[in-house]
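K.L.:
The following file, coords.pdb, comprises PDB, C-alpha atoms:
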```pdb
ATOM      1  CA  MET L 112       0.000   0.000   0.000  1.00  0.00           C
ATOM      2  CA  LYS L 113       2.868   2.393   0.815  1.00  0.00           C
ATOM      3  CA  LYS L 114       4.468   1.826  -2.613  1.00  0.00           C
ATOM      4  CA  PHE L 115       1.143   2.583  -4.271  1.00  0.00           C
ATOM      5  CA  ARG L 116       0.874   5.947  -2.433  1.00  0.00           C
ATOM      6  CA  ILE L 117       4.435   6.856  -3.352  1.00  0.00           C
ATOM      7  CA  THR L 118       3.745   5.975  -6.987  1.00  0.00           C
ATOM      8  CA  LEU L 119       0.596   8.120  -6.981  1.00  0.00           C
ATOM      9  CA  LEU L 120       2.501  10.983  -5.388  1.00  0.00           C
ATOM     10  CA  LEU L 121       5.241  10.765  -8.006  1.00  0.00           C
ATOM     11  CA  ILE L 122       2.656  10.736 -10.802  1.00  0.00           C
ATOM     12  CA  ALA L 123       0.913  13.775  -9.309  1.00  0.00           C
ATOM     13  CA  VAL L 124       4.183  15.691  -8.960  1.00  0.00           C
ATOM     14  CA  THR L 125       5.141  14.817 -12.533  1.00  0.00           C
ATOM     15  CA  ILE L 126       1.781  16.080 -13.804  1.00  0.00           C
ATOM     16  CA  LEU L 127       2.142  19.315 -11.815  1.00  0.00           C
ATOM     17  CA  PHE L 128       5.642  19.956 -13.176  1.00  0.00           C
ATOM     18  CA  ALA L 129       4.480  19.250 -16.730  1.00  0.00           C
ATOM     19  CA  ALA L 130       1.575  21.685 -16.350  1.00  0.00           C
ATOM     20  CA  ALA L 131       3.833  24.361 -14.839  1.00  0.00           C
ATOM     21  CA  ASN L 132       6.341  23.895 -17.658  1.00  0.00           C
ATOM     22  CA  ASP L 133       3.602  24.335 -20.278  1.00  0.00           C
ATOM     23  CA  ALA L 134       2.329  27.473 -18.542  1.00  0.00           C
ATOM     24  CA  PHE L 135       5.846  28.915 -18.379  1.00  0.00           C
ATOM     25  CA  ALA L 136       6.474  28.160 -22.052  1.00  0.00           C
ATOM     26  CA  GLN L 137       3.308  30.002 -23.035  1.00  0.00           C
ATOM     27  CA  LYS L 138       4.366  33.149 -21.101  1.00  0.00           C
ATOM     28  CA  GLN L 139       7.511  33.589 -23.194  1.00  0.00           C
ATOM     29  CA  ALA L 140       5.690  35.878 -25.621  1.00  0.00           C
ATOM     30  CA  LYS L 141       7.025  39.393 -26.129  1.00  0.00           C
ATOM     31  CA  ASP L 142       5.601  42.018 -23.810  1.00  0.00           C
ATOM     32  CA  GLU L 143       6.116  45.310 -25.604  1.00  0.00           C
ATOM     33  CA  SER L 144       3.985  47.360 -23.202  1.00  0.00           C
ATOM     34  CA  LEU L 145       6.935  48.646 -21.148  1.00  0.00           C
ATOM     35  CA  ARG L 146       9.133  49.762 -24.026  1.00  0.00           C
ATOM     36  CA  LYS L 147      10.710  53.205 -23.815  1.00  0.00           C
ATOM     37  CA  GLY L 148      10.688  53.770 -27.560  1.00  0.00           C
ATOM     38  CA  GLU L 149      14.166  52.961 -28.868  1.00  0.00           C
ATOM     39  CA  THR L 150      13.706  52.237 -32.576  1.00  0.00           C
ATOM     40  CA  ARG L 151      17.305  52.140 -33.818  1.00  0.00           C
ATOM     41  CA  THR L 152      18.818  48.722 -34.517  1.00  0.00           C
ATOM     42  CA  THR L 153      21.619  47.328 -32.397  1.00  0.00           C
ATOM     43  CA  LEU L 154      25.128  47.011 -33.752  1.00  0.00           C
ATOM     44  CA  ASP L 155      26.255  43.737 -35.293  1.00  0.00           C
ATOM     45  CA  PRO L 156      27.867  41.586 -32.564  1.00  0.00           C
ATOM     46  CA  ASN L 157      30.565  40.471 -35.024  1.00  0.00           C
ATOM     47  CA  LEU L 158      32.044  43.980 -34.974  1.00  0.00           C
ATOM     48  CA  PHE L 159      33.554  43.220 -31.574  1.00  0.00           C
ATOM     49  CA  PRO L 160      36.511  40.865 -31.088  1.00  0.00           C
ATOM     50  CA  ASP L 161      35.985  40.448 -27.326  1.00  0.00           C
ATOM     51  CA  ALA L 162      33.789  37.388 -26.629  1.00  0.00           C
ATOM     52  CA  GLN L 163      31.896  38.937 -23.696  1.00  0.00           C
ATOM     53  CA  ILE L 164      31.071  42.117 -25.581  1.00  0.00           C
ATOM     54  CA  LYS L 165      30.040  40.098 -28.626  1.00  0.00           C
ATOM     55  CA  LYS L 166      27.717  38.004 -26.430  1.00  0.00           C
ATOM     56  CA  ALA L 167      26.162  41.109 -24.867  1.00  0.00           C
ATOM     57  CA  TYR L 168      25.432  42.636 -28.273  1.00  0.00           C
ATOM     58  CA  GLN L 169      24.017  39.308 -29.482  1.00  0.00           C
ATOM     59  CA  ILE L 170      21.629  39.190 -26.528  1.00  0.00           C
ATOM     60  CA  ALA L 171      20.609  42.793 -27.183  1.00  0.00           C
ATOM     61  CA  LYS L 172      19.851  41.828 -30.776  1.00  0.00           C
ATOM     62  CA  GLU L 173      17.781  38.800 -29.673  1.00  0.00           C
ATOM     63  CA  ILE L 174      15.660  40.455 -26.949  1.00  0.00           C
ATOM     64  CA  PRO L 175      15.481  44.187 -27.676  1.00  0.00           C
ATOM     65  CA  TRP L 176      12.031  44.551 -26.098  1.00  0.00           C
ATOM     66  CA  VAL L 177      13.490  43.497 -22.738  1.00  0.00           C
ATOM     67  CA  LEU L 178      16.432  45.904 -22.813  1.00  0.00           C
ATOM     68  CA  ASP L 179      14.191  48.711 -24.058  1.00  0.00           C
ATOM     69  CA  SER L 180      12.087  48.333 -20.919  1.00  0.00           C
ATOM     70  CA  ILE L 181      15.073  48.719 -18.544  1.00  0.00           C
ATOM     71  CA  TYR L 182      16.411  52.043 -17.306  1.00  0.00           C
ATOM     72  CA  CYS L 183      20.112  52.547 -18.034  1.00  0.00           C
ATOM     73  CA  TYR L 184      21.993  53.247 -14.825  1.00  0.00           C
ATOM     74  CA  CYS L 185      25.096  54.656 -16.524  1.00  0.00           C
ATOM     75  CA  MET L 186      23.123  57.922 -16.641  1.00  0.00           C
ATOM     76  CA  CYS L 187      23.407  58.217 -20.415  1.00  0.00           C
ATOM     77  CA  LYS L 188      19.706  59.096 -20.551  1.00  0.00           C
ATOM     78  CA  GLU L 189      20.430  62.320 -18.695  1.00  0.00           C
ATOM     79  CA  SER L 190      23.509  63.134 -20.781  1.00  0.00           C
ATOM     80  CA  PRO L 191      22.926  65.577 -23.651  1.00  0.00           C
ATOM     81  CA  ALA L 192      25.685  63.794 -25.583  1.00  0.00           C
ATOM     82  CA  PHE L 193      23.917  60.426 -25.646  1.00  0.00           C
ATOM     83  CA  LYS L 194      20.163  61.128 -25.230  1.00  0.00           C
ATOM     84  CA  HIS L 195      19.463  57.440 -24.631  1.00  0.00           C
ATOM     85  CA  LYS L 196      15.912  56.244 -24.068  1.00  0.00           C
ATOM     86  CA  SER L 197      16.712  52.948 -22.301  1.00  0.00           C
ATOM     87  CA  LEU L 198      19.391  50.314 -21.811  1.00  0.00           C
ATOM     88  CA  LEU L 199      18.817  49.222 -25.418  1.00  0.00           C
ATOM     89  CA  SER L 200      20.132  52.593 -26.580  1.00  0.00           C
ATOM     90  CA  CYS L 201      23.588  51.643 -25.306  1.00  0.00           C
ATOM     91  CA  TYR L 202      23.674  48.847 -27.889  1.00  0.00           C
ATOM     92  CA  VAL L 203      22.833  50.932 -30.966  1.00  0.00           C
ATOM     93  CA  ASP L 204      26.368  52.339 -30.813  1.00  0.00           C
ATOM     94  CA  ASN L 205      29.559  51.227 -29.109  1.00  0.00           C
ATOM     95  CA  HIS L 206      28.554  52.755 -25.760  1.00  0.00           C
ATOM     96  CA  ALA L 207      27.925  49.345 -24.161  1.00  0.00           C
ATOM     97  CA  ALA L 208      31.363  48.138 -25.208  1.00  0.00           C
ATOM     98  CA  MET L 209      33.207  50.888 -23.351  1.00  0.00           C
TER      99      MET L 209
END
```
What would you get if you wrote out this structure as structure tokens?
P.N.:
Amino acid sequence: MKKFRITLLLIAVTILFAAANDAFAQKQAKDESLRKGETRTTLDPNLFPDAQIKKAYQIAKEIPWVLDSIYCYCMCKESPAFKHKSLLSCYVDNHAAM
């Protein structure tokens, strides 16, 4: 009887994890509601020889809606020289590579 309960519990846990995984997969859609309005395209990651910088620019290219919804804490938004709208703005030029 104890083995039967353990088996049922394992089946229930497996079903719950499968359902949670499906729900998580469905929430991966783009949420563009928080965007700050950066419309320029990011620089090509292959312009940078450094692997970490290249990876950062590749991520910016893959998920621009996420970076465009994040405030840039390097204060480039307040700078009259940069006039950035969000963190994504740092990736439309070489600012993020500095």
K.L.:
Return the single residue from L:Asp155, L:Asp204, L:Glu189, L:Glu149 that is closest to Lys172 of chain L, with distances computed using only C-alpha atoms.
P.N.:
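Closest to Lys172 of chain L, using only C-alpha atoms: L:Asp155.
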K.L.:
Would you mind telling me which residue in L:Asn157, L:Thr150, L:Ser144, L:Gln163 lies nearest to Ala207 of chain L when using only C-alpha atoms?
P.N.:
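Comparing L:Asn157, L:Thr150, L:Ser144, L:Gln163 against Ala207 of chain L, the winner is L:Gln163.
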K.L.:
Do you have the atom CA of Lys196 of chain L-atom CA of Ala167 of chain L distance handy?
P.N.:
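Atom CA of Ala167 of chain L lies at a distance of 18.3 Å from atom CA of Lys196 of chain L.
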K.L.:
Mind checking which residues fall within 10 Å of Lys165 of chain L, counting all atoms listed in the file, ignoring those fewer than 6 positions away in the same chain, and posting them as a list in words?
P.N.:
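The neighbour list is Leu154, Asp155, Pro156, Asn157, Leu158, Phe159, Ala171 and Ala208 of chain L.
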K.L.:
Which residues are near Ala192 of chain L? Cut-off 12 Å, all atoms listed in the file, ignore same chain within fewer than 5 positions. Put them as a PyMOL selection string.
P.N.:
chain L and resi 186-187+206
K.L.:
Using only C-alpha atoms, which of L:Val203, L:Leu198, L:Leu145, L:Ile164 sits nearest Cys183 of chain L?
P.N.:
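Closest to Cys183 of chain L, using only C-alpha atoms: L:Leu198.
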K.L.:
Using all atoms listed in the file, which residue out of L:Ser200, L:Phe193, L:Trp176, L:Lys166 lies closest to Thr153 of chain L?
P.N.:
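So, comparing all the options, the nearest one is L:Ser200.
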